[in-house]
Amino acid sequence: MHENKIGSRFVKWLLICVSILFIFLMLVLPLITVISEAFRSGWETYKQAVTDEYTIKAALLTVEATLFAVIINTIFGVFAAWTITKFHFKGKKLLTTLIDIPVTVSPIIAGLIYVLTFGRQSFLYPYLKELDIDIVFAIPGIVLATIFVTFPFISRELIPVLEAQGTDEEEAAALMGARGTTIFRRITFPHIKWAFLYGIVLCTARAMGEFGAVSVLSGHLRGKTNTLPLHVEILFNEFKYVPAFAVSSILVMMAIIILVIRSVVEYIGKKET
Amino acid sequence: MKKVNKRVIPGFGLSMGVTLSLLSIIVIIPLASLVVFTSQMSLSDILKTITRDRVVASFEVSFLTAFIASAINAVMGVVLAWVLVRYDFPFKRIVDGMIELPFALPTAVAGIALTSLTSDQGIIGKFFAKFGIKIAYTRIGIVVALVFIGIPFVVRSVQPVLEKLDGSFEEAAGVMGASRARIFRKVIFPEIRPAVFTGFGLALGRCIGEYGSVVFIAGNMPFKTEITPLIIMSELQEYDYASATAIALVMLLFAFLLLFAVNLIQSRNAKILKGG
Amino acid sequence: MYVELKNINKKFGDFKASDNVSFGIEKGKLIGLLGPSGSGKTTILRMIAGLENPDSGEIIIDGKVVNNIPASKREIGFVFQNYALFRYMTVYENIAFGLRVRKVDKKSTDKRVKELISLIGLEGLEKRYPSQLSGGQRQRVAFARALAPNPQLLLLDEPFAAIDAKVRKELRSWLKEMIEKLGVTSIFVTHDQDEAIEVADEIIITNKGRIEQIGTPLEIYQNPQTAFSASFFGLTSFLEDYQKFHTFEKIEGAETAIVRPEFVKVTKKTEFQKYKSSVSEGVVERVSFRGDNIELKVRTNETVLTAKRGLDEQSISVGEKVDVLIYRIFVTVKEKTYLLENQSLKENSIVI
C-alpha cells in the first residue's frame, strides 16, 4: 500500500510537470514572445506602431466586423435556438446540420464560396455592379466572412441549455395567455443568460481574430480593407517585426481579456445552476 | 374546418422565418453557388486539377501534419484533462483558463509568435539548431503551429467525461486488486475513448483547414511545406476560380466525412451510455 | 354535460393515442382519468387543454366547440406533471403570472395571490424560489398558479407522481378537499388505481387509446363492464378454465375468469369451513406480510390465486395444504363481463 502511494505521487507530479511544461512552451512562451518583441525597440517605437494611422483604421474595421458578427449571430442564435428547442417540425436534423457547416469548413473555403457568390464570375455580379455595391475585396465581404465563420457560435451555446430545460414552463405560460415576447423575456431568457453571454464572448474572440476567410475577401488595401490580423500579416511580410508584434500585442491583450471574462461567466453560470 | 394554429407556444412562424432567412443569406446561398459553379465544370478538369503534382504534394503535407499534430494533441489532451480533473496544484485555474487561448488568440498572431520563437534566432529555434534540427520553415514547424491550434479540442471533450466518471468505479477495480496501469487501461480508458476520438476528429478537421497560423511558419515551399489551403489561396489570387473550387471540393468532402464519423462515434456512445 | 368529447381520434405517427374517444363530464365533478402508461390518458387531457390537437372529432366545453380556440383562450387551469413552475420567479410571481398577463390591475392581483397563498397554506414563503420548496409545496404552488385566473376547468396531469409516497396520501385528501371547496370542474390523470378511487367522484378507465368504462369508483368496482376494468382494480388473478372449480354456472363462449383477493377465502385444514363441499385443495406458495394483512399465493387446480388473511387469524406457512373457497368470479365473454356467484353459497354472504 505504501509503495503504491509513492508510485501514485510520482505519477501525479510527473503528469503535472509534463502538463505545465507543455502549456508553458506552447501557450505562455508565444505570448511572452509577442510582448517582448513588441517592446524590443522601446516604448516610443511601440507607441508609434500602435497609434499608426493604418493600425487605427484596421482596428476600427475589426471592431466593425466583430460588432456586425455579434449582432447578426445573436439575432440568429436566439431565434434558431428557440425554433429548434421549442417546436416540433420536419427537417430539424437537417437544419441543425446546416447551422454547423460554417465551423466545419476551412476559413479559406468560406472565403472562396463568398467570392463565387459575389465575385466577377457570379450571375449576381452584373446586378451588384448596377447597384454600385462592392462585396468582394471590400468591407461588406469582410463583414460577411466574419459573420460566416462565427455563425453558429451563439446558437450552439443556447441549444443545449434550452433542450435540457424542456418546454413545460413555456407551455404553462402560453396556456395562461402570455404573449411570445413575455414568455421569452420572463421565462426563457433567465435560463439562458449565462450561455448567451458565453456565446457572445466566444463569438467576439473568433470574429476579432479571423484571418483566412477575411484574407480571401480583403483586397489587402491598407487603410481600407485591412483588419488587425491582416495588418499584422502585411507588417510581418515586410519584415517590420517590431510593429507587427506591437499590433499583435493589442490582439493578445484582447484575447486575455476575453479569456478572463469567459472564465468569470462560466464560473458564475456554474454557481447559479 | 379552418386550419388552426397547432402550436401552443407562440412565435413559431416568426422565429422559423428569421432563422431560415439568415441561414439562407449567410450559409445556404453561398454554398449553393459553390454547387452551381461546380456543376459548370467538367469532371475531367476537376480530376486534372486535383491530381497535379503540386496539389497532391500539398494534400500529403496537409494530411500528414494535421494527423501528427492531432495525435500529439490526443495524448496531451488526455494528460491535461486528467491533471485538471484529478489533481490539485498551484495555478490550476490559470492553466485551465489558458487551454482556451488558441480559440481566443487570432491565428495570425499565434503564427508570427511561433515563427519567431522557432526560427534560428528564436529561443527554441536556437536550442534545436544545436542538434541540427530546424523547426520554422519545415514540416515540423507546421506541426508545431497545428498542435497550438488543436490543444483545446481533446481537453474540452475529455474533461466533462472524466468529471462525471464515478470514482467508485476505480475504487471497485482497486479493491479487486487491479494495478493502476491496468485500471486506467481497462476501466478509465474505455470510458473516455469516444471523447478522445471525438476531440481528435474535431482537431483534425480544424487542423486540415487551418491557414492563419501555418502560413507564417511553413515557409510555403512547393512540394515541401505548402499546405492545401495555401494552394487554394494562390489560385484565388490568380483568379483561377475553377482550380480553387476543385481543390476545395476535396477538402470539403474530407471535412464532411470526418464530421459524419464524429457524429457516428457520438451517437454510438450515447446509445451505450443509455443502454448501460 | 360541461365538457364533452365526441369521436376523438389522435395518432402520433403509427401510434394510436386516441381511438374514437367519446365521453361527457358534468359541471363541478372531479374526474379521474385512469389507465396504464401509454393508454392515452395524458393525450386526452392535453387535447382538452389545447396542448395537442385531435386529428378528428369535437371537443366541447360549456356548449362551445373549442377545437379552433387556441389553448391560451380556453380559460383552463393546467397543472403539469412536473409542475413546470417558473424557476426564475418566486412563489408570489408564479401565482401572479396568469393575472399579470391578463392585465389584471395590481391591487386585485395582490389580493387574489394572497388569498391563494393562504388557501394553500404557504404564508411566509412568498419570496422563495421553486428550488427552495419541497415537492408537496411545489405541487401546492402549481395548483394555486393554475387556479389564479379563476378557470372554469382544472386539468391535472399525474399530480402526485413526483411526490414521495408518504406525502402523497396527505396531498390526495388535501387536493380533494380544495377542489370540493372551490367547486371547479376538474380532471386529473393517474395510473394509480388507489389514487383514482380515493380522489375521484367519477373514474374514466382508458386502455390502448379507448375508453373502457366510466362510472363512480364503486360502480366500476362492483360492475366492471370489460375484462380490462375488471382486472385493473386490485391484485387480480386469472383462471384459465374456471370449470375446474365446478361450483360455477357454465357460460357459452366464456374466456378467462378474473378473481379478486377479496373473493377468495383460504382456511387451514384445522379451521372450520362451512362450505366444505365446495372448496378446492391448494398449496401455499408464498406468504407475505403487507402491513395490515397477510397476502398469500396459493396454487390450486394448476393456477395461482392471490388471497388475503387477517393478521388476527392463525398463521399459515409455505407448503401448507389449505382449503380454497371462491365466492364469486368475473367471467368475460368477448368484451362483456359477467359476475358469477358460487352456486353452493345459497345465502348472501358476500363481503366487499
# chains A, B, ... in the order shown; residues from 1 in each chain; ligands from 1
call {"tool": "interface_residues", "arguments": {"of": "chain B", "to": "chain A", "cutoff": "6 Å", "atoms": "only C-alpha atoms", "output": "ChimeraX atom specification"}}
result
/B:9-11,15-16,19,30,33-34,80,104-106,108-109,113-114,209,211-212
call {"tool": "closest_atom_pairs", "arguments": {"of": "chain C", "to": "chain A", "cutoff": "7 Å", "atoms": "only C-alpha atoms", "output": "tab-separated table"}}
result
residue	atom	partner	partner_atom	distance
C:Ala71	CA	A:Leu175	CA	5.5
C:Ser72	CA	A:Leu175	CA	4.3
C:Lys73	CA	A:Gly177	CA	6.7
C:Ala84	CA	A:Glu169	CA	4.8
C:Leu85	CA	A:Glu169	CA	6.4
C:Phe86	CA	A:Glu169	CA	6.0
C:Tyr88	CA	A:Pro190	CA	6.5
C:Gly98	CA	A:Met176	CA	5.2
C:Val101	CA	A:Ala178	CA	5.4
call {"tool": "select_by_dssp", "arguments": {"residues": "stretch 202-331 of chain C", "states": "strand (DSSP E or B)", "output": "PyMOL selection string"}}
result
chain C and resi 202-207+210-215+237-239+257-259+264-268+280-289+294-300+303-309+321-326+328-331
call {"tool": "atom_distance", "arguments": {"atom1": "atom CA of B:Leu47", "atom2": "atom CA of B:Phe256"}}
result
19.5 Å
call {"tool": "interface_residues", "arguments": {"of": "chain C", "to": "chain B", "cutoff": "9 Å", "atoms": "only C-alpha atoms", "output": "count of residues only"}}
result
10
call {"tool": "residues_around", "arguments": {"residues": "B:Val144", "least_positions_apart": "6", "cutoff": "12 Å", "atoms": "only C-alpha atoms", "output": "count of residues only"}}
result
34
call {"tool": "residues_around", "arguments": {"residues": "B:Ile208", "least_positions_apart": "5", "cutoff": "10 Å", "atoms": "only C-alpha atoms", "output": "list in words"}}
result
Val105 and Ser106 of chain A; Phe59, Val61, Ser62, Phe63, Leu64, Thr65, Ala66, Phe67, Ser70, Leu146, Ala203, Ile227, Thr228, Pro229, Met251, Phe254 and Ala255 of chain B
call {"tool": "write_last_selection", "arguments": {"atoms": "C-alpha atoms", "output": "short mmCIF file (atom, residue, chain, number, x, y, z; two decimals), in the first residue's frame"}}
result
data_model
loop_
_atom_site.label_atom_id
_atom_site.label_comp_id
_atom_site.auth_asym_id
_atom_site.auth_seq_id
_atom_site.Cartn_x
_atom_site.Cartn_y
_atom_site.Cartn_z
CA VAL A 105 -15.22 24.16 -43.39
CA SER A 106 -11.81 25.71 -43.75
CA PHE B 59 -2.58 17.10 -49.74
CA VAL B 61 1.68 17.82 -46.36
CA SER B 62 -1.69 18.92 -45.02
CA PHE B 63 -2.98 15.49 -44.06
CA LEU B 64 0.27 14.24 -42.61
CA THR B 65 0.99 17.28 -40.46
CA ALA B 66 -2.63 17.57 -39.33
CA PHE B 67 -2.68 13.91 -38.39
CA SER B 70 -3.89 15.81 -33.72
CA LEU B 146 -1.20 22.88 -35.65
CA ALA B 203 -8.97 18.82 -34.05
CA ILE B 227 -0.43 23.27 -47.41
CA THR B 228 -3.64 22.82 -49.38
CA PRO B 229 -5.44 25.95 -48.11
CA MET B 251 -11.22 19.34 -48.64
CA PHE B 254 -12.97 15.17 -46.28
CA ALA B 255 -14.45 17.61 -43.77
#
